[in-house]
file model_23.cif (mmCIF, C-alpha atoms)
data_final
loop_
_atom_site.label_atom_id
_atom_site.label_comp_id
_atom_site.auth_asym_id
_atom_site.auth_seq_id
_atom_site.Cartn_x
_atom_site.Cartn_y
_atom_site.Cartn_z
CA MET A 1 -10.20 -51.58 4.82
CA LYS A 2 -11.14 -51.25 1.15
CA ARG A 3 -14.15 -49.12 2.12
CA LEU A 4 -11.94 -46.87 4.21
CA LYS A 5 -9.56 -46.38 1.28
CA VAL A 6 -12.47 -45.46 -1.03
CA PHE A 7 -13.82 -43.08 1.60
CA LEU A 8 -10.45 -41.36 2.09
CA THR A 9 -9.86 -41.12 -1.66
CA SER A 10 -13.30 -39.57 -2.12
CA ILE A 11 -12.61 -37.00 0.59
CA PHE A 12 -9.27 -36.14 -1.03
CA LEU A 13 -10.90 -35.71 -4.45
CA ILE A 14 -13.70 -33.56 -3.07
CA ILE A 15 -11.28 -31.29 -1.20
CA ASN A 16 -9.07 -30.86 -4.26
CA SER A 17 -11.86 -30.39 -6.75
CA PRO A 18 -13.43 -27.05 -7.70
CA LEU A 19 -16.53 -28.21 -5.78
CA PHE A 20 -14.71 -27.38 -2.56
CA ALA A 21 -15.49 -23.72 -2.07
CA TYR A 22 -14.87 -21.14 0.61
CA SER A 23 -17.71 -19.70 2.68
CA SER A 24 -20.17 -17.33 1.01
CA ASP A 25 -19.97 -14.93 3.97
CA PRO A 26 -17.40 -12.30 2.88
CA LYS A 27 -15.63 -12.21 6.25
CA GLU A 28 -15.30 -15.98 6.53
CA PHE A 29 -14.50 -16.21 2.82
CA VAL A 30 -11.41 -13.97 3.20
CA GLN A 31 -10.31 -15.66 6.42
CA GLU A 32 -10.58 -19.16 4.93
CA LEU A 33 -8.98 -18.22 1.65
CA VAL A 34 -5.97 -16.45 3.18
CA THR A 35 -5.45 -19.09 5.87
CA ASP A 36 -5.45 -21.72 3.14
CA ALA A 37 -3.02 -19.68 0.99
CA ILE A 38 -0.60 -19.04 3.87
CA GLU A 39 -0.68 -22.73 4.81
CA LYS A 40 0.07 -23.86 1.27
CA LEU A 41 2.71 -21.22 0.52
CA SER A 42 4.62 -21.96 3.70
CA ASP A 43 4.44 -25.75 3.18
CA LYS A 44 8.03 -26.86 2.65
CA ASN A 45 6.90 -30.13 1.08
CA LEU A 46 5.36 -28.33 -1.91
CA THR A 47 7.52 -27.31 -4.86
CA LYS A 48 7.52 -23.75 -6.24
CA ASP A 49 5.56 -24.98 -9.24
CA GLU A 50 2.92 -26.64 -7.07
CA LYS A 51 2.56 -23.43 -5.05
CA SER A 52 2.14 -21.35 -8.21
CA LYS A 53 -0.49 -23.75 -9.53
CA PHE A 54 -2.37 -23.54 -6.24
CA VAL A 55 -2.35 -19.72 -6.26
CA GLU A 56 -3.50 -19.66 -9.89
CA LYS A 57 -6.38 -22.07 -9.19
CA VAL A 58 -7.52 -20.14 -6.13
CA ALA A 59 -7.22 -16.77 -7.88
CA ILE A 60 -9.13 -17.86 -10.99
CA GLU A 61 -11.96 -19.14 -8.80
CA ASN A 62 -12.07 -16.34 -6.23
CA VAL A 63 -10.77 -13.11 -7.77
CA ASP A 64 -12.81 -11.12 -10.29
CA ILE A 65 -9.88 -10.97 -12.72
CA LYS A 66 -12.02 -10.00 -15.70
CA ALA A 67 -13.55 -6.95 -13.96
CA LEU A 68 -10.17 -6.04 -12.50
CA GLY A 69 -8.62 -6.10 -15.98
CA LEU A 70 -11.35 -3.85 -17.35
CA TYR A 71 -11.09 -1.46 -14.38
CA THR A 72 -7.32 -1.11 -14.73
CA LEU A 73 -7.70 -0.40 -18.45
CA GLY A 74 -9.73 2.72 -17.60
CA GLU A 75 -11.71 4.56 -20.27
CA LEU A 76 -9.92 2.70 -23.05
CA ARG A 77 -12.10 -0.33 -22.37
CA LYS A 78 -15.01 1.59 -23.96
CA SER A 79 -13.20 2.51 -27.17
CA SER A 80 -11.07 -0.61 -27.80
CA ASN A 81 -12.23 -3.17 -30.34
CA GLU A 82 -13.27 -6.61 -29.21
CA SER A 83 -10.26 -8.51 -30.49
CA ASP A 84 -7.82 -6.13 -28.73
CA LEU A 85 -9.89 -6.42 -25.56
CA ILE A 86 -9.74 -10.23 -25.67
CA ARG A 87 -5.97 -10.14 -26.22
CA TYR A 88 -5.64 -7.63 -23.38
CA GLN A 89 -7.75 -9.76 -21.00
CA MET A 90 -5.63 -12.83 -21.76
CA ALA A 91 -2.37 -10.93 -21.20
CA PHE A 92 -3.74 -9.26 -18.07
CA GLU A 93 -4.80 -12.57 -16.52
CA LYS A 94 -1.32 -14.06 -16.99
CA TYR A 95 0.30 -10.88 -15.66
CA PHE A 96 -2.05 -10.78 -12.66
CA LEU A 97 -1.48 -14.43 -11.74
CA LYS A 98 2.29 -14.06 -11.93
CA SER A 99 2.37 -10.89 -9.83
CA LEU A 100 -0.14 -12.31 -7.33
CA THR A 101 1.97 -15.43 -6.77
CA SER A 102 5.01 -13.23 -6.18
CA ARG A 103 3.12 -10.94 -3.77
CA LEU A 104 1.54 -13.76 -1.78
CA THR A 105 4.87 -15.55 -1.48
CA ASP A 106 6.41 -12.32 -0.10
CA TYR A 107 3.80 -12.08 2.66
CA SER A 108 3.15 -15.75 3.40
CA SER A 109 5.39 -15.93 6.47
CA ASN A 110 3.26 -13.47 8.43
CA ARG A 111 0.34 -13.89 10.83
CA PHE A 112 -3.03 -12.96 9.35
CA GLU A 113 -6.28 -12.04 11.06
CA VAL A 114 -9.65 -10.80 9.81
CA VAL A 115 -10.91 -8.20 12.26
CA ASP A 116 -14.11 -6.75 10.84
CA SER A 117 -16.30 -6.31 7.78
CA GLU A 118 -18.52 -3.54 6.51
CA LYS A 119 -21.28 -3.96 3.95
CA LYS A 120 -20.95 -0.91 1.69
CA SER A 121 -23.79 -1.73 -0.69
CA ALA A 122 -25.76 -4.66 -2.06
CA THR A 123 -22.78 -5.57 -4.23
CA TYR A 124 -19.78 -4.63 -2.07
CA THR A 125 -18.42 -5.58 1.32
CA ILE A 126 -15.12 -4.38 2.72
CA VAL A 127 -13.42 -7.01 4.87
CA LYS A 128 -10.83 -5.54 7.23
CA SER A 129 -7.80 -7.57 8.19
CA ILE A 130 -4.35 -7.16 9.72
CA ILE A 131 -1.03 -8.80 9.02
CA ASN A 132 1.50 -9.03 11.82
CA PRO A 133 5.00 -9.43 10.39
CA LYS A 134 7.08 -11.92 12.35
CA ASP A 135 10.13 -9.63 12.12
CA GLY A 136 8.54 -7.15 14.54
CA SER A 137 7.65 -4.50 11.94
CA PRO A 138 4.41 -2.62 12.58
CA GLU A 139 1.18 -4.43 11.67
CA ILE A 140 -0.19 -3.86 8.17
CA LYS A 141 -3.88 -3.09 7.64
CA ILE A 142 -5.35 -4.75 4.59
CA ASP A 143 -8.92 -4.17 3.42
CA TRP A 144 -10.43 -6.56 0.90
CA ARG A 145 -12.98 -5.22 -1.52
CA VAL A 146 -15.34 -8.17 -2.01
CA TYR A 147 -17.89 -8.13 -4.81
CA THR A 148 -21.10 -9.80 -3.65
CA LYS A 149 -23.48 -9.41 -6.58
CA ASN A 150 -23.91 -13.18 -6.41
CA PRO A 151 -24.25 -13.67 -2.64
CA GLU A 152 -23.40 -17.36 -3.01
CA LYS A 153 -20.10 -16.64 -4.75
CA PRO A 154 -18.17 -13.64 -3.38
CA LEU A 155 -15.26 -12.44 -5.50
CA ILE A 156 -12.26 -10.31 -4.53
CA ARG A 157 -11.86 -7.16 -6.60
CA ASP A 158 -9.22 -5.15 -4.78
CA LEU A 159 -6.76 -5.14 -1.90
CA ILE A 160 -6.35 -1.86 -0.05
CA VAL A 161 -3.05 -1.95 1.83
CA GLU A 162 -2.83 0.79 4.49
CA GLY A 163 -5.39 2.80 2.53
CA LEU A 164 -3.60 2.32 -0.79
CA SER A 165 -5.61 0.53 -3.44
CA LEU A 166 -3.61 -1.96 -5.49
CA ALA A 167 -6.19 -1.82 -8.29
CA ARG A 168 -6.02 1.97 -8.46
CA THR A 169 -2.22 1.90 -8.43
CA GLN A 170 -2.30 -0.60 -11.28
CA LYS A 171 -4.84 1.50 -13.18
CA GLU A 172 -2.71 4.63 -12.90
CA GLU A 173 0.41 2.70 -13.89
CA PHE A 174 -1.34 1.42 -17.03
CA ALA A 175 -2.72 4.92 -17.74
CA SER A 176 0.82 6.29 -17.68
CA ILE A 177 2.06 3.62 -20.11
CA LEU A 178 -0.91 4.25 -22.41
CA GLY A 179 -0.51 8.04 -22.09
CA SER A 180 3.06 7.95 -23.31
CA ASN A 181 2.18 5.59 -26.19
CA ASP A 182 -0.76 7.35 -27.90
CA ASN A 183 -3.26 5.22 -25.94
CA ASP A 184 -2.20 2.19 -27.97
CA ILE A 185 -3.56 -0.86 -26.15
CA ARG A 186 -1.17 -3.10 -28.12
CA VAL A 187 1.82 -1.46 -26.41
CA LEU A 188 0.30 -2.27 -23.03
CA ILE A 189 -0.43 -5.86 -24.11
CA SER A 190 3.15 -6.25 -25.26
CA LYS A 191 4.47 -4.90 -21.90
CA LEU A 192 2.23 -7.33 -20.00
CA ASN A 193 3.49 -10.24 -22.12
CA GLU A 194 7.07 -9.09 -21.61
CA PHE A 195 6.56 -9.17 -17.82
CA VAL A 196 5.05 -12.67 -17.96
CA ASN A 197 7.88 -14.03 -20.12
CA ASN A 198 10.71 -12.58 -18.02
CA MET B 1 -13.55 10.97 -4.79
CA SER B 2 -12.85 10.70 -8.48
CA SER B 3 -9.62 9.25 -9.75
CA LYS B 4 -8.93 12.58 -11.49
CA ILE B 5 -8.03 14.10 -8.12
CA TYR B 6 -5.25 11.53 -7.71
CA ALA B 7 -3.91 11.79 -11.23
CA ALA B 8 -2.03 15.07 -10.77
CA GLU B 9 -0.51 16.48 -13.95
CA GLU B 10 3.25 16.21 -14.27
CA CYS B 11 5.26 19.43 -13.92
CA PHE B 12 8.25 18.17 -15.91
CA GLU B 13 8.01 14.40 -16.26
CA LYS B 14 11.27 13.80 -18.09
CA ALA B 15 13.32 15.56 -15.41
CA SER B 16 11.28 13.89 -12.65
CA ARG B 17 11.93 10.45 -14.12
CA SER B 18 15.66 11.19 -14.13
CA VAL B 19 15.57 12.38 -10.52
CA PHE B 20 13.53 9.28 -9.61
CA LYS B 21 16.22 7.06 -11.14
CA PHE B 22 18.86 8.93 -9.16
CA ASN B 23 16.84 8.50 -5.94
CA MET B 24 16.42 4.78 -6.62
CA PHE B 25 20.17 4.51 -7.11
CA LEU B 26 20.75 6.25 -3.75
CA ASP B 27 18.24 3.90 -2.19
CA ASP B 28 19.97 0.84 -3.64
CA VAL B 29 23.47 1.81 -2.51
CA ILE B 30 22.80 3.66 0.77
CA ILE B 31 19.31 3.62 2.29
CA GLU B 32 18.28 0.01 1.62
CA PRO B 33 21.52 -1.57 2.94
CA ILE B 34 21.30 0.60 6.08
CA ALA B 35 17.59 -0.27 6.50
CA LYS B 36 18.38 -4.00 6.17
CA GLY B 37 21.13 -3.69 8.78
CA TYR B 38 18.76 -1.73 11.03
CA ASN B 39 16.23 -4.55 10.71
CA ASN B 40 18.77 -6.91 12.27
CA LEU B 41 18.97 -4.83 15.45
CA PRO B 42 17.23 -6.19 18.56
CA LYS B 43 13.49 -5.49 18.50
CA PRO B 44 13.48 -3.10 21.54
CA ILE B 45 16.05 -0.84 19.82
CA LYS B 46 14.03 -0.75 16.60
CA VAL B 47 10.75 -0.10 18.39
CA GLY B 48 12.38 2.54 20.61
CA THR B 49 13.89 4.36 17.62
CA GLY B 50 10.56 4.27 15.79
CA ASN B 51 8.79 5.68 18.85
CA PHE B 52 11.44 8.39 19.29
CA THR B 53 11.25 9.65 15.69
CA ARG B 54 7.43 9.51 15.68
CA ASN B 55 7.33 11.50 18.92
CA ILE B 56 9.45 14.25 17.36
CA SER B 57 7.28 14.23 14.21
CA THR B 58 4.26 14.81 16.44
CA LEU B 59 5.69 18.24 17.33
CA LEU B 60 4.73 19.48 13.85
CA THR B 61 1.26 17.94 14.20
CA ILE B 62 0.45 20.33 17.05
CA PRO B 63 0.57 23.64 15.10
CA ALA B 64 -0.74 21.93 11.92
CA SER B 65 -3.80 20.60 13.81
CA LEU B 66 -4.47 24.07 15.21
CA LEU B 67 -4.31 25.59 11.74
CA GLN B 68 -6.72 22.91 10.50
CA GLY B 69 -9.10 23.72 13.36
CA ASN B 70 -8.90 20.07 14.41
CA PHE B 71 -8.92 20.52 18.18
CA ASN B 72 -9.43 16.84 18.95
CA GLN B 73 -6.25 15.99 17.05
CA PHE B 74 -4.49 18.93 18.69
CA ALA B 75 -5.41 17.62 22.16
CA HIS B 76 -4.35 14.05 21.33
CA SER B 77 -0.99 15.15 19.84
CA THR B 78 -0.19 17.53 22.70
CA GLY B 79 -1.11 14.89 25.29
CA SER B 80 0.93 12.29 23.42
CA ILE B 81 4.04 14.51 23.30
CA LEU B 82 3.76 15.41 26.98
CA VAL B 83 3.29 11.82 28.16
CA ASN B 84 5.84 10.19 25.84
CA SER B 85 8.56 12.82 26.37
CA THR B 86 8.35 12.43 30.14
CA VAL B 87 6.92 9.08 31.28
CA GLY B 88 8.01 7.57 27.97
CA ILE B 89 11.68 8.55 28.52
CA LEU B 90 12.22 11.15 25.76
CA GLY B 91 9.80 9.32 23.49
CA PHE B 92 11.58 5.96 23.35
CA LEU B 93 8.49 4.38 24.93
CA ASN B 94 4.90 4.99 23.89
CA PRO B 95 2.72 4.94 27.04
CA ALA B 96 0.45 7.58 25.44
CA GLU B 97 -0.94 4.98 23.05
CA LYS B 98 -1.91 2.73 25.95
CA MET B 99 -3.73 5.72 27.48
CA GLY B 100 -5.78 6.06 24.28
CA LEU B 101 -3.93 9.13 22.96
CA LYS B 102 -3.64 8.84 19.20
CA SER B 103 -1.03 11.01 17.53
CA SER B 104 -1.27 11.31 13.78
CA LYS B 105 1.24 12.90 11.46
CA GLU B 106 0.13 16.27 10.10
CA ASP B 107 2.01 18.90 8.13
CA PHE B 108 1.35 22.19 6.36
CA GLY B 109 0.85 20.51 2.95
CA GLN B 110 -2.02 18.52 4.52
CA THR B 111 -3.30 21.74 6.11
CA LEU B 112 -3.45 23.44 2.70
CA GLY B 113 -5.23 20.35 1.37
CA SER B 114 -7.76 20.53 4.20
CA TYR B 115 -8.48 24.14 3.10
CA GLY B 116 -9.43 22.73 -0.29
CA LEU B 117 -6.26 23.70 -2.17
CA GLY B 118 -5.56 21.28 -5.04
CA THR B 119 -2.31 19.36 -5.35
CA GLY B 120 -0.87 21.34 -8.28
CA CYS B 121 1.43 19.44 -10.58
CA TYR B 122 3.55 16.47 -9.50
CA PHE B 123 7.32 16.22 -9.52
CA VAL B 124 10.18 14.38 -7.80
CA LEU B 125 12.78 16.09 -5.63
CA PRO B 126 16.32 14.75 -5.26
CA ILE B 127 16.65 12.74 -2.01
CA LEU B 128 13.28 13.97 -0.65
CA GLY B 129 11.28 12.07 -3.27
CA PRO B 130 7.77 12.54 -4.69
CA THR B 131 5.91 15.80 -4.09
CA THR B 132 3.47 18.27 -5.62
CA VAL B 133 3.46 22.06 -5.83
CA ARG B 134 1.18 22.21 -2.78
CA ASP B 135 3.27 19.79 -0.73
CA SER B 136 6.56 21.45 -1.63
CA ILE B 137 5.19 24.81 -0.43
CA GLY B 138 4.11 22.94 2.70
CA LEU B 139 7.61 21.55 3.10
CA VAL B 140 9.13 25.05 3.17
CA VAL B 141 6.51 26.32 5.63
CA ASP B 142 7.06 23.22 7.81
CA SER B 143 10.65 24.29 8.40
CA TYR B 144 9.27 27.43 10.09
CA LEU B 145 6.24 25.82 11.72
CA ASP B 146 7.93 22.73 13.17
CA PRO B 147 9.14 23.40 16.75
CA PHE B 148 11.91 20.82 16.26
CA ALA B 149 13.21 22.65 13.15
CA HIS B 150 12.91 25.91 15.12
CA ILE B 151 15.30 24.76 17.84
CA THR B 152 17.71 22.94 15.52
CA ILE B 153 18.19 24.34 12.01
CA ARG B 154 16.85 27.78 13.03
CA GLU B 155 19.07 27.66 16.14
CA LYS B 156 16.42 29.21 18.42
CA GLU B 157 15.60 28.27 21.98
CA LEU B 158 12.25 26.90 23.11
CA LEU B 159 11.55 26.13 26.78
CA SER B 160 15.32 26.33 27.32
CA ILE B 161 15.86 23.55 24.76
CA SER B 162 18.06 24.02 21.72
CA GLY B 163 19.97 21.93 19.23
CA ASN B 164 21.83 22.17 15.96
CA ASN B 165 21.76 21.10 12.30
CA LEU B 166 23.26 17.71 13.12
CA ASP B 167 20.40 16.93 15.53
CA TYR B 168 17.86 17.82 12.86
CA TYR B 169 19.42 15.81 10.03
CA SER B 170 20.20 12.85 12.32
CA VAL B 171 16.55 12.59 13.37
CA LYS B 172 15.35 13.01 9.76
CA GLY B 173 17.83 10.34 8.65
CA ALA B 174 16.70 7.96 11.40
CA THR B 175 13.05 8.60 10.43
CA ALA B 176 13.84 7.72 6.81
CA VAL B 177 15.72 4.54 7.76
CA ASP B 178 12.96 3.47 10.17
CA PHE B 179 10.31 4.01 7.46
CA ARG B 180 12.37 2.21 4.83
CA SER B 181 13.09 -0.73 7.13
CA ASN B 182 9.38 -1.15 7.86
CA ASN B 183 8.68 -1.22 4.14
CA ILE B 184 11.43 -3.46 2.76
CA LYS B 185 8.92 -6.06 1.56
CA ASN B 186 6.44 -3.49 0.24
CA PHE B 187 9.14 -1.74 -1.81
CA ASP B 188 10.54 -5.03 -3.12
CA SER B 189 7.09 -6.25 -4.04
CA LEU B 190 6.24 -3.00 -5.87
CA GLU B 191 9.59 -3.05 -7.66
CA LYS B 192 9.20 -6.68 -8.76
CA ASN B 193 5.63 -6.35 -9.98
CA SER B 194 5.53 -2.94 -11.63
CA LEU B 195 5.54 -2.31 -15.35
CA ASP B 196 6.36 1.34 -14.68
CA LEU B 197 7.76 1.86 -11.18
CA TYR B 198 7.77 5.66 -11.50
CA SER B 199 3.98 5.69 -12.03
CA SER B 200 3.40 3.22 -9.21
CA PHE B 201 5.26 5.45 -6.76
CA LYS B 202 3.35 8.48 -8.03
CA SER B 203 0.01 6.72 -7.51
CA VAL B 204 0.97 5.48 -4.04
CA TYR B 205 2.20 8.95 -3.03
CA LEU B 206 -0.94 10.76 -4.24
CA GLN B 207 -3.30 8.21 -2.66
CA ASP B 208 -1.43 8.41 0.63
CA ARG B 209 -1.53 12.21 0.73
CA SER B 210 -5.23 12.24 -0.14
CA ASN B 211 -5.97 9.76 2.69
CA LYS B 212 -3.92 11.82 5.14
CA ILE B 213 -5.78 15.01 4.27
CA LYS B 214 -9.14 13.30 4.83
CA ASN B 215 -7.75 11.44 7.87
CA SER B 216 -9.35 8.28 6.50
CA PRO B 217 -8.87 5.94 3.58
CA ASP B 218 -10.79 6.69 0.42
CA ASP B 219 -13.95 4.64 -0.14
CA GLN B 220 -12.46 3.74 -3.54
CA ASP B 221 -15.87 3.61 -5.22
CA ASP B 222 -14.95 4.35 -8.81
CA TRP B 223 -15.66 0.92 -10.25
CA GLY B 224 -18.89 2.04 -11.89
CA ASN B 225 -21.04 -0.78 -13.16
CA LEU B 226 -18.36 -3.27 -14.14
CA GLU B 227 -20.00 -6.65 -14.26
CA ASN B 228 -18.21 -9.97 -14.20
#
call {"tool": "encode", "arguments": {"input": "model_23.cif", "output": "structure tokens"}}
result
Amino acid sequence: MKRLKVFLTSIFLIINSPLFAYSSDPKEFVQELVTDAIEKLSDKNLTKDEKSKFVEKVAIENVDIKALGLYTLGELRKSSNESDLIRYQMAFEKYFLKSLTSRLTDYSSNRFEVVDSEKKSATYTIVKSIINPKDGSPEIKIDWRVYTKNPEKPLIRDLIVEGLSLARTQKEEFASILGSNDNDIRVLISKLNEFVNN
Amino acid sequence: MSSKIYAAEECFEKASRSVFKFNMFLDDVIIEPIAKGYNNLPKPIKVGTGNFTRNISTLLTIPASLLQGNFNQFAHSTGSILVNSTVGILGFLNPAEKMGLKSSKEDFGQTLGSYGLGTGCYFVLPILGPTTVRDSIGLVVDSYLDPFAHITIREKELLSISGNNLDYYSVKGATAVDFRSNNIKNFDSLEKNSLDLYSSFKSVYLQDRSNKIKNSPDDQDDWGNLEN
């Protein structure tokens, strides 16, 4: 009985530790990750805080947040000084995690299915999926841009919903804020912090 | 495609932002509540209405496809209209899809885009929403090109069918409500997570139009050599 308890505890610890990773095949990686997320977010026994912590953990491990932050900053990433860039990256990560939790919660009650994948280059694979809303609305096509430079550790870089790239939308939103504020990265950082604190 | 193609210059941003606010107000007090009510209707009614409005939109696709020289699309749209308007009971059912006929939505703005004409500057119209110089010219031409507009707001007869202004605006209104009801979550999510909602809508609009002109999503490859 004691051995069984040790065994079960070990399994629990392994599953909940960062050592438990999703598949390295981009298609399976997306399917496993989203299935896991939907399961957790629709679990009525978990509190809102526990769900947020889960999303944050999964996102930090499986989304290329650093590259996404630099991409959305556009050309300014080349001319900003290092300390501003570090402050921006920190603010962007918090902003991204908060908005991701909100977005995933919005869509967690739907059925999800990976339908195909297409290797675009040595470093990119597009995984195609569909979401079928339970309210009878038309299905939503979502493509996942998966970065595969390290084939053992795929990372998500973008979600393309019905052909509309979330990263590009974010980039153009930030460009507009920067454009109307003399390209001052500190204004953008302050807006990101404002969003996180609200 | 470079991101510069998406980032159309603003024609008059200050005025557009004001119009955008006005449109969002109209959406909050009129369109969104109607769309939410519409979402509570039985599924067959919702699906039927969506099919009906899409079938009428396909009428404009026929001349637009011809002008684009896209004969495959022309054949699919014509076949779809014929099958759905008859077997599909005035378009409320969509048997054409089951027969493999794919009808896409084309207009004159997309036709001009397919000729290589740039977007021109971006602005927001009251009620109608985001547009560009190219698409607003397209919108005017559509009212002459669209057979449904021809028999309703132009009060002409086509194959012994005619209608009136009310028919036209009722169908356009139903199309808007159907679209809005299918995107309640998407709109809410964008609204909740945007730092500048005006720019988000602009980006979404320009990406969508670009995809529709190419009839495929962009390959989005403008990440350069960003390493993690």
call {"tool": "interface_residues", "arguments": {"input": "model_23.cif", "of": "chain B", "to": "chain A", "cutoff": "6 Å", "atoms": "all atoms listed in the file", "output": "JSON, numbers by chain"}}
result
{"B": [182, 193, 199, 200, 203, 217, 228]}
call {"tool": "resolve_selection", "arguments": {"input": "model_23.cif", "expression": "the PyMOL selection byres ((chain B and resi 152) around 12)", "output": "compact mmCIF listing (two decimals) with C-alpha atoms, in the coordinates of the input"}}
result
# COMPACT_ATOMS: atom_id res chain seq x y z
CA SER B 143 10.65 24.29 8.40
CA TYR B 144 9.27 27.43 10.09
CA ASP B 146 7.93 22.73 13.17
CA PRO B 147 9.14 23.40 16.75
CA PHE B 148 11.91 20.82 16.26
CA ALA B 149 13.21 22.65 13.15
CA HIS B 150 12.91 25.91 15.12
CA ILE B 151 15.30 24.76 17.84
CA ILE B 153 18.19 24.34 12.01
CA ARG B 154 16.85 27.78 13.03
CA GLU B 155 19.07 27.66 16.14
CA LYS B 156 16.42 29.21 18.42
CA GLU B 157 15.60 28.27 21.98
CA LEU B 158 12.25 26.90 23.11
CA ILE B 161 15.86 23.55 24.76
CA SER B 162 18.06 24.02 21.72
CA GLY B 163 19.97 21.93 19.23
CA ASN B 164 21.83 22.17 15.96
CA ASN B 165 21.76 21.10 12.30
CA LEU B 166 23.26 17.71 13.12
CA ASP B 167 20.40 16.93 15.53
CA TYR B 168 17.86 17.82 12.86
CA TYR B 169 19.42 15.81 10.03
CA SER B 170 20.20 12.85 12.32
CA VAL B 171 16.55 12.59 13.37
CA LYS B 172 15.35 13.01 9.76
call {"tool": "residues_around", "arguments": {"input": "model_23.cif", "residues": "B:Gly129", "least_positions_apart": "3", "cutoff": "10 Å", "atoms": "all atoms listed in the file", "output": "list in words"}}
result
Ser16, Val19, Phe20, Asn23, Met24, Phe123, Val124, Leu125, Pro126, Phe201, Lys202 and Tyr205 of chain B
call {"tool": "residues_near_point", "arguments": {"input": "model_23.cif", "point": "(-4.7, -16.1, -0.3)", "cutoff": "9 Å", "atoms": "only C-alpha atoms", "output": "PyMOL selection string"}}
result
chain A and resi 30-38+55+58-59+104+108
call {"tool": "resolve_selection", "arguments": {"input": "model_23.cif", "expression": "the PyMOL selection byres ((chain B and resi 141) around 12)", "output": "list in words"}}
result
Leu60, Pro63, Ala64, Asp107, Phe108, Gly109, Gln110, Thr111, Leu112, Arg134, Asp135, Ser136, Ile137, Gly138, Leu139, Val140, Asp142, Ser143, Tyr144, Leu145, Asp146, Pro147, Ala149 and His150 of chain B
call {"tool": "resolve_selection", "arguments": {"input": "model_23.cif", "expression": "the PyMOL selection byres ((chain A and resi 190) around 12)", "output": "PDB file with C-alpha atoms, in the coordinates of the input"}}
result
ATOM      1  CA  ASP A  84      -7.820  -6.130 -28.730  1.00  0.00           C
ATOM      2  CA  ARG A  87      -5.970 -10.140 -26.220  1.00  0.00           C
ATOM      3  CA  TYR A  88      -5.640  -7.630 -23.380  1.00  0.00           C
ATOM      4  CA  MET A  90      -5.630 -12.830 -21.760  1.00  0.00           C
ATOM      5  CA  ALA A  91      -2.370 -10.930 -21.200  1.00  0.00           C
ATOM      6  CA  PHE A  92      -3.740  -9.260 -18.070  1.00  0.00           C
ATOM      7  CA  TYR A  95       0.300 -10.880 -15.660  1.00  0.00           C
ATOM      8  CA  ILE A 177       2.060   3.620 -20.110  1.00  0.00           C
ATOM      9  CA  LEU A 178      -0.910   4.250 -22.410  1.00  0.00           C
ATOM     10  CA  ASN A 181       2.180   5.590 -26.190  1.00  0.00           C
ATOM     11  CA  ASP A 184      -2.200   2.190 -27.970  1.00  0.00           C
ATOM     12  CA  ILE A 185      -3.560  -0.860 -26.150  1.00  0.00           C
ATOM     13  CA  ARG A 186      -1.170  -3.100 -28.120  1.00  0.00           C
ATOM     14  CA  VAL A 187       1.820  -1.460 -26.410  1.00  0.00           C
ATOM     15  CA  LEU A 188       0.300  -2.270 -23.030  1.00  0.00           C
ATOM     16  CA  ILE A 189      -0.430  -5.860 -24.110  1.00  0.00           C
ATOM     17  CA  LYS A 191       4.470  -4.900 -21.900  1.00  0.00           C
ATOM     18  CA  LEU A 192       2.230  -7.330 -20.000  1.00  0.00           C
ATOM     19  CA  ASN A 193       3.490 -10.240 -22.120  1.00  0.00           C
ATOM     20  CA  GLU A 194       7.070  -9.090 -21.610  1.00  0.00           C
ATOM     21  CA  PHE A 195       6.560  -9.170 -17.820  1.00  0.00           C
ATOM     22  CA  VAL A 196       5.050 -12.670 -17.960  1.00  0.00           C
ATOM     23  CA  ASN A 197       7.880 -14.030 -20.120  1.00  0.00           C
TER      24      ASN A 197
ATOM     25  CA  LEU B 195       5.540  -2.310 -15.350  1.00  0.00           C
TER      26      LEU B 195
END
call {"tool": "atom_distance", "arguments": {"input": "model_23.cif", "atom1": "atom CA of A:Ser42", "atom2": "atom CA of A:Glu113"}}
result
16.5 Å
call {"tool": "closest_residue", "arguments": {"input": "model_23.cif", "among": "B:Gln68, B:Asp222, B:Ser57, B:Leu41", "to": "B:Ser80", "atoms": "all atoms listed in the file"}}
result
B:Ser57
call {"tool": "build_atoms", "arguments": {"input": "model_23.cif", "residues": "stretch 208-212 of chain B", "atoms": "N, CA, C and O atoms", "output": "mmCIF file, in the frame of the given file"}}
result
data_model
loop_
_atom_site.group_PDB
_atom_site.id
_atom_site.type_symbol
_atom_site.label_atom_id
_atom_site.label_comp_id
_atom_site.auth_asym_id
_atom_site.auth_seq_id
_atom_site.Cartn_x
_atom_site.Cartn_y
_atom_site.Cartn_z
ATOM 1 N N ASP B 208 -1.786 8.267 -0.777
ATOM 2 C CA ASP B 208 -1.430 8.410 0.630
ATOM 3 C C ASP B 208 -1.706 9.838 1.123
ATOM 4 O O ASP B 208 -2.276 10.030 2.194
ATOM 5 N N ARG B 209 -1.311 10.823 0.319
ATOM 6 C CA ARG B 209 -1.530 12.210 0.730
ATOM 7 C C ARG B 209 -3.024 12.520 0.815
ATOM 8 O O ARG B 209 -3.467 13.195 1.745
ATOM 9 N N SER B 210 -3.780 12.009 -0.147
ATOM 10 C CA SER B 210 -5.230 12.240 -0.140
ATOM 11 C C SER B 210 -5.867 11.631 1.127
ATOM 12 O O SER B 210 -6.698 12.264 1.776
ATOM 13 N N ASN B 211 -5.448 10.412 1.474
ATOM 14 C CA ASN B 211 -5.970 9.760 2.690
ATOM 15 C C ASN B 211 -5.609 10.557 3.939
ATOM 16 O O ASN B 211 -6.409 10.686 4.866
ATOM 17 N N LYS B 212 -4.370 11.090 3.953
ATOM 18 C CA LYS B 212 -3.920 11.820 5.140
ATOM 19 C C LYS B 212 -4.694 13.131 5.298
ATOM 20 O O LYS B 212 -4.965 13.567 6.413
#
